[in-house]
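Text of final_12.txt, listed as compact mmCIF, C-alpha atoms:
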# COMPACT_ATOMS: atom_id res chain seq x y z
CA PRO A 1 137.42 -25.20 188.16
CA SER A 2 135.86 -22.65 190.49
CA THR A 3 136.14 -24.54 193.76
CA GLY A 4 138.31 -27.12 195.43
CA GLY A 5 141.69 -28.38 194.35
CA SER A 6 143.08 -31.87 194.02
CA GLY A 7 144.85 -32.59 197.24
CA GLY A 8 144.71 -28.92 198.29
CA GLU A 9 142.84 -27.12 201.01
CA GLY A 10 139.84 -26.21 198.85
CA GLY A 11 138.07 -22.87 198.68
CA THR A 12 136.58 -20.74 195.95
CA LEU A 13 138.71 -19.40 193.14
CA VAL A 14 137.99 -16.04 191.54
CA ASP A 15 138.93 -15.57 187.90
CA THR A 16 140.97 -12.37 188.09
CA CYS A 17 143.30 -13.67 185.35
CA PRO A 18 140.97 -14.34 182.40
CA LEU A 19 142.27 -15.93 179.23
CA PRO A 20 143.45 -13.30 176.75
CA THR A 21 141.25 -12.83 173.68
CA GLU A 22 143.64 -10.64 171.71
CA ALA A 23 145.97 -11.93 169.00
CA PHE A 24 149.55 -12.79 169.84
CA GLU A 25 152.05 -10.02 169.12
CA VAL A 26 155.70 -10.78 168.44
CA ALA A 27 158.80 -8.57 168.61
CA VAL A 28 162.44 -9.45 167.97
CA ALA A 29 165.28 -8.13 170.12
CA PRO A 30 168.08 -6.26 168.35
CA SER A 31 170.59 -8.43 166.49
CA PRO A 32 173.81 -9.20 168.40
CA GLY A 33 176.01 -8.31 165.43
CA ALA A 34 178.90 -10.08 163.71
CA ASN A 35 180.91 -12.91 165.28
CA VAL A 36 178.30 -13.39 168.02
CA ASN A 37 176.29 -16.47 168.89
CA ARG A 38 173.25 -15.65 171.00
CA ARG A 39 171.95 -18.45 173.22
CA ARG A 40 169.44 -18.90 176.02
CA ALA A 41 166.14 -17.16 176.72
CA ALA A 42 164.86 -16.42 180.21
CA LEU A 43 161.97 -14.19 181.24
CA SER A 44 161.12 -12.09 184.30
CA ILE A 45 157.95 -10.05 184.95
CA PRO A 46 158.80 -7.42 187.58
CA THR A 47 155.87 -5.87 189.38
CA GLY A 48 154.87 -2.62 187.67
CA GLU A 49 157.69 -2.74 185.12
CA PRO A 50 158.16 -4.06 181.56
CA ALA A 51 159.11 -7.70 181.19
CA GLY A 52 162.82 -8.51 181.10
CA LEU A 53 164.28 -10.96 178.57
CA TYR A 54 167.64 -12.47 179.46
CA THR A 55 170.07 -13.93 176.97
CA VAL A 56 173.80 -14.57 176.56
CA ASP A 57 175.97 -13.27 173.70
CA TYR A 58 179.13 -15.27 172.97
CA TYR A 59 181.60 -13.26 170.91
CA GLN A 60 184.58 -14.83 169.14
CA ASN A 61 187.07 -13.16 166.81
CA GLY A 62 190.10 -15.35 166.28
CA SER A 63 191.54 -16.14 169.71
CA PHE A 64 189.59 -13.37 171.46
CA TYR A 65 186.48 -14.41 173.37
CA SER A 66 183.96 -12.56 175.48
CA GLU A 67 180.58 -13.34 176.98
CA THR A 68 177.84 -10.91 177.94
CA LEU A 69 174.72 -11.71 179.93
CA ARG A 70 172.11 -9.22 178.70
CA ARG A 71 168.69 -8.06 179.75
CA PHE A 72 166.33 -6.63 177.15
CA SER A 73 163.05 -4.85 177.86
CA LEU A 74 160.55 -3.37 175.46
CA SER A 75 159.13 0.10 176.18
CA GLY A 76 156.62 0.98 173.50
CA ASP A 77 158.49 0.20 170.30
CA THR A 78 161.93 0.80 171.80
CA TRP A 79 164.21 -1.93 173.10
CA GLN A 80 166.32 -1.19 176.18
CA ASN A 81 169.54 -3.17 176.51
CA TYR A 82 171.32 -3.70 179.86
CA THR A 83 174.54 -5.57 180.61
CA VAL A 84 173.98 -7.83 183.63
CA ALA A 85 177.43 -9.43 183.66
CA TYR A 86 180.48 -9.71 181.41
CA GLU A 87 183.41 -12.10 181.20
CA GLN A 88 186.34 -12.56 178.82
CA TRP A 89 187.16 -16.21 179.33
CA GLY A 90 185.71 -18.57 176.68
CA PHE A 91 182.35 -20.30 176.36
CA SER A 92 181.58 -21.17 179.96
CA PHE A 93 179.49 -18.28 181.24
CA ALA A 94 175.75 -18.40 182.00
CA THR A 95 175.37 -21.73 180.24
CA ALA A 96 172.64 -22.32 182.83
CA LEU A 97 170.35 -19.59 184.14
CA ASP A 98 166.87 -18.96 185.53
CA THR A 99 164.81 -16.03 186.83
CA THR A 100 162.06 -15.03 189.23
CA SER A 101 159.38 -12.37 188.80
CA GLY A 102 157.38 -10.13 191.13
CA ASP A 103 158.45 -7.47 193.61
CA ASP A 104 162.05 -8.67 193.85
CA PRO A 105 163.03 -10.14 190.47
CA CYS A 106 166.19 -12.23 190.39
CA ILE A 107 168.47 -14.05 188.02
CA VAL A 108 170.69 -16.99 188.94
CA TYR A 109 173.42 -18.04 186.52
CA SER A 110 176.45 -20.27 186.25
CA ASP A 111 180.05 -19.16 185.90
CA ASP A 112 181.77 -22.40 185.04
CA TYR A 113 185.17 -20.82 184.39
CA ASP A 114 185.32 -19.72 188.03
CA ALA A 115 183.26 -22.79 189.08
CA VAL A 116 180.59 -20.84 190.97
CA VAL A 117 176.88 -20.02 190.82
CA ARG A 118 175.91 -16.34 191.04
CA LEU A 119 172.68 -14.57 191.97
CA ALA A 120 171.54 -11.00 191.34
CA CYS A 121 168.19 -9.55 192.49
CA ALA A 122 166.62 -6.14 192.80
CA SER A 123 167.37 -6.38 196.54
CA ILE A 124 170.61 -8.41 196.34
CA SER A 125 173.74 -7.29 194.53
CA ASP A 126 175.41 -9.78 192.17
CA ARG A 127 177.25 -12.33 194.32
CA ILE A 128 178.42 -15.92 194.56
CA VAL A 129 175.81 -18.19 196.17
CA ALA A 130 177.42 -21.60 195.67
CA PRO A 131 180.82 -23.06 194.81
CA GLY A 132 180.94 -25.38 191.82
CA GLY A 133 179.46 -25.03 188.36
CA ALA A 134 176.04 -25.93 187.03
CA SER A 135 174.74 -27.36 183.79
CA ALA A 136 171.13 -26.89 184.93
CA LEU A 137 169.77 -24.24 187.30
CA ALA A 138 166.39 -23.20 188.66
CA VAL A 139 165.28 -20.59 191.20
CA ALA A 140 162.04 -19.70 192.97
CA ALA A 141 161.28 -17.12 195.66
CA SER A 142 159.41 -17.36 198.94
CA GLY A 143 159.35 -13.84 200.37
CA PRO A 144 162.94 -12.68 200.84
CA GLN A 145 164.31 -16.22 200.60
CA LYS A 146 165.56 -17.35 197.20
CA GLN A 147 165.49 -21.12 196.79
CA MET A 148 167.82 -22.57 194.17
CA VAL A 149 168.43 -26.01 192.68
CA ARG A 150 171.38 -26.90 190.46
CA PHE A 151 172.88 -29.95 188.81
CA GLU A 152 176.62 -29.98 189.39
CA PRO A 153 178.04 -32.13 186.56
CA SER A 154 181.44 -32.92 188.06
CA SER A 155 179.84 -34.55 191.11
CA GLY A 156 176.63 -35.86 189.52
CA LEU A 157 174.64 -34.27 192.34
CA LEU A 158 171.35 -32.42 192.20
CA GLU A 159 171.64 -29.85 195.01
CA TYR A 160 169.49 -27.33 196.88
CA PHE A 161 170.60 -24.09 198.55
CA THR A 162 169.06 -20.80 199.65
CA THR A 163 169.85 -17.22 200.53
CA ASP A 164 167.96 -14.17 201.76
CA GLY A 165 170.83 -11.87 200.84
CA GLY A 166 172.98 -13.01 203.73
CA THR A 167 175.32 -16.00 203.82
CA PRO A 168 173.99 -18.69 201.45
CA SER A 169 173.20 -22.11 202.85
CA ILE A 170 175.54 -25.00 202.12
CA PRO A 171 174.26 -26.99 199.10
CA VAL A 172 172.41 -30.14 200.15
CA ALA A 173 172.02 -33.17 197.88
CA ILE A 174 168.53 -33.94 196.59
CA ASP A 175 169.53 -36.81 194.29
CA GLU A 176 172.70 -38.46 193.02
CA ASP A 177 174.09 -40.86 190.41
CA ILE A 178 172.14 -39.11 187.65
CA TRP A 179 172.75 -36.76 184.73
CA VAL A 180 170.15 -33.98 184.69
CA THR A 181 169.25 -32.42 181.34
CA ALA A 182 166.27 -30.30 182.42
CA LEU A 183 165.15 -28.83 185.72
CA SER A 184 162.18 -26.90 187.13
CA VAL A 185 161.34 -25.61 190.62
CA ALA A 186 158.35 -23.94 192.29
CA VAL A 187 157.61 -22.89 195.87
CA ASP A 188 154.17 -23.22 197.47
CA ALA A 189 152.43 -20.77 199.83
CA ASN A 190 154.07 -22.46 202.83
CA GLY A 191 157.55 -21.91 201.38
CA THR A 192 158.03 -25.60 200.52
CA PRO A 193 160.10 -26.22 197.38
CA HIS A 194 158.93 -28.65 194.70
CA VAL A 195 161.37 -29.84 192.02
CA ALA A 196 160.94 -31.75 188.76
CA TYR A 197 163.85 -32.90 186.63
CA HIS A 198 164.65 -35.05 183.61
CA ALA A 199 167.58 -37.37 184.23
CA GLU A 200 169.68 -40.09 182.70
CA ILE A 201 170.34 -42.80 185.28
CA ALA A 202 174.00 -43.52 186.01
CA GLY A 203 175.06 -46.99 184.87
CA SER A 204 171.96 -47.27 182.65
CA PRO A 205 172.48 -44.82 179.78
CA ASP A 206 169.29 -46.03 178.05
CA GLN A 207 167.17 -45.34 181.15
CA LEU A 208 165.57 -41.89 181.30
CA GLU A 209 163.33 -40.68 184.10
CA VAL A 210 161.31 -37.67 185.12
CA ARG A 211 161.52 -37.34 188.87
CA TYR A 212 159.69 -35.16 191.39
CA ALA A 213 161.13 -34.13 194.74
CA THR A 214 159.83 -32.09 197.65
CA LEU A 215 161.26 -31.11 201.01
CA THR A 216 159.25 -32.79 203.74
CA GLY A 217 160.13 -32.74 207.43
CA GLY A 218 163.65 -31.52 206.71
CA SER A 219 164.49 -34.26 204.18
CA TRP A 220 164.00 -34.62 200.45
CA GLN A 221 161.44 -37.14 199.22
CA VAL A 222 162.03 -38.26 195.62
CA GLU A 223 159.73 -40.24 193.35
CA THR A 224 159.76 -41.21 189.69
CA VAL A 225 156.72 -39.96 187.77
CA PHE A 226 157.79 -41.20 184.32
CA SER A 227 160.35 -43.67 183.02
CA GLU A 228 161.36 -44.80 179.54
CA THR A 229 164.11 -46.60 177.67
CA ALA A 230 165.68 -44.82 174.70
CA ALA A 231 168.81 -45.71 172.76
CA PRO A 232 171.60 -43.12 173.22
CA GLN A 233 171.60 -42.22 169.52
CA ASP A 234 167.92 -41.29 169.80
CA GLN A 235 168.37 -39.11 172.87
CA GLY A 236 168.47 -35.34 173.00
CA PRO A 237 168.12 -32.71 175.68
CA GLY A 238 165.24 -33.48 178.02
CA SER A 239 162.36 -31.12 178.62
CA VAL A 240 160.40 -30.81 181.85
CA SER A 241 158.30 -28.11 183.51
CA LEU A 242 156.63 -28.05 186.92
CA ALA A 243 153.85 -25.73 188.09
CA LEU A 244 151.70 -25.52 191.23
CA ASP A 245 148.00 -24.73 191.21
CA PRO A 246 146.53 -22.16 193.64
CA TYR A 247 146.33 -24.90 196.29
CA GLY A 248 149.97 -25.97 195.90
CA VAL A 249 149.19 -29.14 193.92
CA PRO A 250 151.92 -29.96 191.36
CA SER A 251 151.64 -30.82 187.68
CA VAL A 252 154.64 -31.87 185.58
CA ALA A 253 154.75 -31.55 181.79
CA TYR A 254 157.51 -33.34 179.88
CA HIS A 255 158.66 -34.62 176.51
CA HIS A 256 158.24 -38.38 176.06
CA LEU A 257 161.34 -38.97 173.98
CA SER A 258 160.70 -42.42 172.51
CA ALA A 259 157.04 -41.64 171.71
CA ARG A 260 157.98 -38.10 170.54
CA SER A 261 154.92 -36.82 172.40
CA LEU A 262 153.98 -34.18 174.98
CA GLU A 263 152.57 -35.50 178.26
CA ILE A 264 151.54 -34.19 181.68
CA VAL A 265 151.00 -35.79 185.09
CA SER A 266 149.22 -34.20 188.05
CA GLN A 267 148.78 -35.10 191.69
CA GLU A 268 145.44 -36.23 193.09
CA ASP A 269 145.23 -36.58 196.88
CA GLY A 270 149.01 -36.56 197.11
CA VAL A 271 149.57 -39.22 194.41
CA PHE A 272 150.50 -38.64 190.79
CA GLY A 273 147.86 -39.98 188.44
CA PRO A 274 148.35 -41.52 185.00
CA ALA A 275 149.96 -39.47 182.26
CA VAL A 276 147.73 -37.50 179.92
CA VAL A 277 148.94 -37.24 176.33
CA LEU A 278 148.52 -33.62 175.23
CA ASP A 279 149.88 -33.95 171.70
CA ALA A 280 151.39 -36.85 169.77
CA PRO A 281 152.69 -37.72 166.29
CA GLN A 282 150.23 -38.59 163.57
CA PRO A 283 150.06 -42.20 162.39
CA ASN A 284 152.63 -43.00 159.71
CA PHE A 285 154.61 -39.80 160.41
CA PRO A 286 157.54 -41.11 162.53
CA ASN A 287 159.51 -37.85 162.30
CA ASP A 288 156.85 -35.75 164.03
CA ASP A 289 158.01 -34.47 167.41
CA LEU A 290 155.82 -32.77 170.04
CA GLY A 291 157.05 -31.09 173.23
CA ARG A 292 160.79 -31.01 172.66
CA TYR A 293 160.48 -27.65 174.41
CA VAL A 294 157.66 -27.17 176.94
CA VAL A 295 156.64 -24.82 179.76
CA VAL A 296 153.46 -25.19 181.83
CA GLN A 297 152.08 -22.39 184.00
CA ILE A 298 148.93 -22.58 186.13
CA ASP A 299 146.94 -19.38 186.40
CA CYS A 300 144.86 -18.01 189.29
CA TYR A 301 141.82 -20.01 188.14
CA ALA A 302 143.77 -23.30 188.04
CA ARG A 303 143.94 -23.45 184.24
CA LYS A 304 147.04 -25.29 183.09
CA ARG A 305 148.34 -23.18 180.23
CA VAL A 306 151.00 -24.91 178.14
CA ILE A 307 153.48 -23.54 175.62
CA TYR A 308 155.35 -26.14 173.56
CA SER A 309 157.17 -26.86 170.32
CA ARG A 310 155.38 -28.86 167.67
CA SER A 311 157.12 -30.33 164.62
CA VAL A 312 154.44 -32.01 162.50
CA SER A 313 154.89 -32.96 158.87
CA THR A 314 151.42 -31.80 157.82
CA ASP A 315 151.64 -28.39 159.51
CA PRO A 316 152.34 -25.31 157.36
CA GLN A 317 155.97 -25.18 156.24
CA PRO A 318 158.41 -24.77 157.83
CA ASP A 319 156.91 -27.41 160.09
CA SER A 320 158.52 -26.46 163.43
CA HIS A 321 156.17 -24.19 165.34
CA LEU A 322 155.22 -22.97 168.81
CA TYR A 323 151.78 -23.79 170.19
CA TRP A 324 149.65 -22.71 173.16
CA GLY A 325 146.87 -24.71 174.79
CA ILE A 326 145.15 -25.66 178.04
CA ALA A 327 145.87 -29.07 179.55
CA THR A 328 142.75 -30.92 180.72
CA PRO A 329 142.22 -34.46 182.05
CA SER A 330 141.24 -35.55 178.52
CA GLY A 331 143.97 -33.77 176.53
CA LEU A 332 144.82 -30.34 175.17
CA ASP A 333 142.05 -27.78 174.72
CA GLN A 334 141.98 -24.53 172.70
CA ARG A 335 145.22 -25.30 170.88
CA GLN A 336 146.56 -22.30 168.95
CA MET A 337 149.69 -21.66 166.92
CA VAL A 338 151.89 -18.86 168.27
CA PRO A 339 153.35 -16.71 165.49
CA LEU A 340 157.13 -16.46 165.34
CA LEU A 341 159.33 -14.51 162.98
CA THR A 342 161.86 -17.35 162.80
CA THR A 343 161.56 -21.04 163.68
CA PHE A 344 163.46 -23.53 165.82
CA ASN A 345 166.84 -24.38 164.39
CA GLY A 346 168.89 -26.46 166.83
CA TRP A 347 170.39 -26.77 170.28
CA GLU A 348 170.62 -23.00 170.82
CA ASP A 349 166.82 -22.85 171.07
CA ASP A 350 165.28 -22.01 174.43
CA LEU A 351 161.83 -21.21 175.80
CA ALA A 352 160.38 -19.32 178.79
CA TYR A 353 156.77 -18.50 179.65
CA GLU A 354 155.04 -16.44 182.35
CA ILE A 355 151.48 -15.32 183.10
CA ASP A 356 151.10 -11.90 184.71
CA ALA A 357 148.55 -11.00 187.40
CA ALA A 358 146.02 -9.87 184.80
CA GLY A 359 146.22 -13.16 182.94
CA HIS A 360 148.31 -11.95 179.99
CA ASP A 361 150.72 -14.38 178.34
CA HIS A 362 154.42 -13.50 178.05
CA ILE A 363 156.79 -15.73 176.07
CA ALA A 364 160.54 -15.46 175.51
CA ILE A 365 161.99 -17.76 172.93
CA MET A 366 165.37 -18.23 171.32
CA ALA A 367 164.58 -19.62 167.89
CA GLY A 368 166.98 -18.17 165.35
CA ALA A 369 166.62 -14.85 167.20
CA LEU A 370 165.52 -13.68 170.64
CA GLN A 371 161.76 -13.12 170.32
CA TYR A 372 159.17 -11.77 172.74
CA VAL A 373 155.54 -12.80 172.29
CA THR A 374 152.66 -11.28 174.27
CA ARG A 375 148.90 -11.12 174.39

Starting from the file, give its structure as structure tokens.
Amino acid sequence: PSTGGSGGEGGTLVDTCPLPTEAFEVAVAPSPGANVNRRRAALSIPTGEPAGLYTVDYYQNGSFYSETLRRFSLSGDTWQNYTVAYEQWGFSFATALDTTSGDDPCIVYSDDYDAVVRLACASISDRIVAPGGASALAVAASGPQKQMVRFEPSSGLLEYFTTDGGTPSIPVAIDEDIWVTALSVAVDANGTPHVAYHAEIAGSPDQLEVRYATLTGGSWQVETVFSETAAPQDQGPGSVSLALDPYGVPSVAYHHLSARSLEIVSQEDGVFGPAVVLDAPQPNFPNDDLGRYVVVQIDCYARKRVIYSRSVSTDPQPDSHLYWGIATPSGLDQRQMVPLLTTFNGWEDDLAYEIDAAGHDHIAIMAGALQYVTR
């Protein structure tokens, strides 16, 4: 689309972020060594600097435990390794984390042993920004203000809080009586936060919903954009990703658990339209699974670029792969397999995706190893 925007203010878009034509290139971060489980993958694209990949190394040797939150960056063919934070208190550190990019890159992470949430930015030293732990975290930036959303499992509250480097705001409830398994946040040009999350509804363990919330007139407005019923034994971690187009119009991609498919919904004149199925199992292949991991990003020309996992029986073996495509009103266009050096292997997997100002794709994925894919 070169003009307009569904529900936005309109205007002409200029394609300064063209789709890459080069092949994907993949690199693997250095191995963590013996007695270490590496989990999580987050990605930050600082302005004028190499991309940063964040991960957590959990070390155990007998009764000795330690946890290290690391940042890797690739300069030429050389990996740089930085310690962001370290703790020696069991497996409760940075179980949830998220990042921002740009001029003031940040990382927000949980410290469940001390029951706090911490934030570190280029302009803000590592500090506590909220009491209480978090099993899901997301952060977005609007100028100097960092806007954060977390699910606090002990209270069952989805909460919002901010800081500009000074005293953080007191967390405010967005939603309650839910169990959030996935969370995504974005901030529009006016500084308004938009949140999407996948939740199990309290009292109805078979009821799963994808909800969208935005801060309007000082209060949070919440709506359900997708709902399904799935037996507990069939459930797994949810997957949801929210992105805003250049006019601030939201789209939400998610994994439809019972259908084992990848779907997306977008607003039109302030109302979410019907879901578009982007990829789905083949007939007579009930074990196919599409979109268990998904990230959508919308580039400067309003193209909805999607990265997602695809486990299809008839794909080349092993049959768990990563795919890239463009979401359209009629489905997924230009679908391409993304090469990986190892494949998905369980709950330690994780996925992050960013588009830089020039339109290049950057992917961080934990799939057997921490991998960085670019083009």

Mind listing as a count of residues only all residues within 8 Å of (163.7, -41.2, 189.2), counting only C-alpha atoms? 12

Around region 212-230 of chain A, fit a box with edges along x, y and z, padding it by 3 Å on each side, then list its centre and edge lengths in Å to one decimal as JSON.
{"center_x": 161.2, "center_y": -38.9, "center_z": 191.1, "size_x": 15.0, "size_y": 21.5, "size_z": 38.7}

Name the residues in contact with Ser155 (chain A) at a cut-off of 12 Å, using all atoms listed in the file, excluding same-chain residues fewer than 2 positions from it; report them as a compact mmCIF listing (two decimals) with C-alpha atoms, in the coordinates of the input.
# COMPACT_ATOMS: atom_id res chain seq x y z
CA GLY A 132 180.94 -25.38 191.82
CA GLY A 133 179.46 -25.03 188.36
CA ALA A 134 176.04 -25.93 187.03
CA SER A 135 174.74 -27.36 183.79
CA ARG A 150 171.38 -26.90 190.46
CA PHE A 151 172.88 -29.95 188.81
CA GLU A 152 176.62 -29.98 189.39
CA PRO A 153 178.04 -32.13 186.56
CA LEU A 157 174.64 -34.27 192.34
CA LEU A 158 171.35 -32.42 192.20
CA GLU A 159 171.64 -29.85 195.01
CA ALA A 173 172.02 -33.17 197.88
CA ASP A 175 169.53 -36.81 194.29
CA GLU A 176 172.70 -38.46 193.02
CA ASP A 177 174.09 -40.86 190.41
CA ILE A 178 172.14 -39.11 187.65
CA TRP A 179 172.75 -36.76 184.73
CA VAL A 180 170.15 -33.98 184.69
CA ALA A 202 174.00 -43.52 186.01

How far is it from CA of Gly248 (chain A) to CA of Ala189 (chain A), in Å with one decimal? 7.0 Å

Give me the residues near region 39-56 of chain A as a count of residues only, where near means some atom within 9 Å (using only C-alpha atoms) and where sequence neighbours in that chain fewer than 3 positions away do not count. 45

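Taking CA of Leu208 (chain A) and CA of Leu278 (chain A) as the two end points, the separation is 19.9 Å.
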
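Interatomic distance, CA of Val338 (chain A) to CA of Tyr323 (chain A): 5.3 Å.
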
Anything within 8 Å of (157.8, -24.1, 166.6): list those residues as a JSON list (two decimals) with C-alpha atoms, in the coordinates of the input, counting all atoms listed in the file and sticking to the file's coordinates.
[["chain", "number", "residue", "atom", "x", "y", "z"],
["A", 308, "TYR", "CA", 155.35, -26.14, 173.56],
["A", 309, "SER", "CA", 157.17, -26.86, 170.32],
["A", 310, "ARG", "CA", 155.38, -28.86, 167.67],
["A", 311, "SER", "CA", 157.12, -30.33, 164.62],
["A", 319, "ASP", "CA", 156.91, -27.41, 160.09],
["A", 320, "SER", "CA", 158.52, -26.46, 163.43],
["A", 321, "HIS", "CA", 156.17, -24.19, 165.34],
["A", 322, "LEU", "CA", 155.22, -22.97, 168.81],
["A", 323, "TYR", "CA", 151.78, -23.79, 170.19],
["A", 340, "LEU", "CA", 157.13, -16.46, 165.34],
["A", 343, "THR", "CA", 161.56, -21.04, 163.68],
["A", 344, "PHE", "CA", 163.46, -23.53, 165.82]]

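Take the candidates A:Thr163, A:Asp77, A:Asp206, A:Met148 and check each one against Ile124 (chain A) using all atoms listed in the file; the shortest distance goes to A:Thr163.
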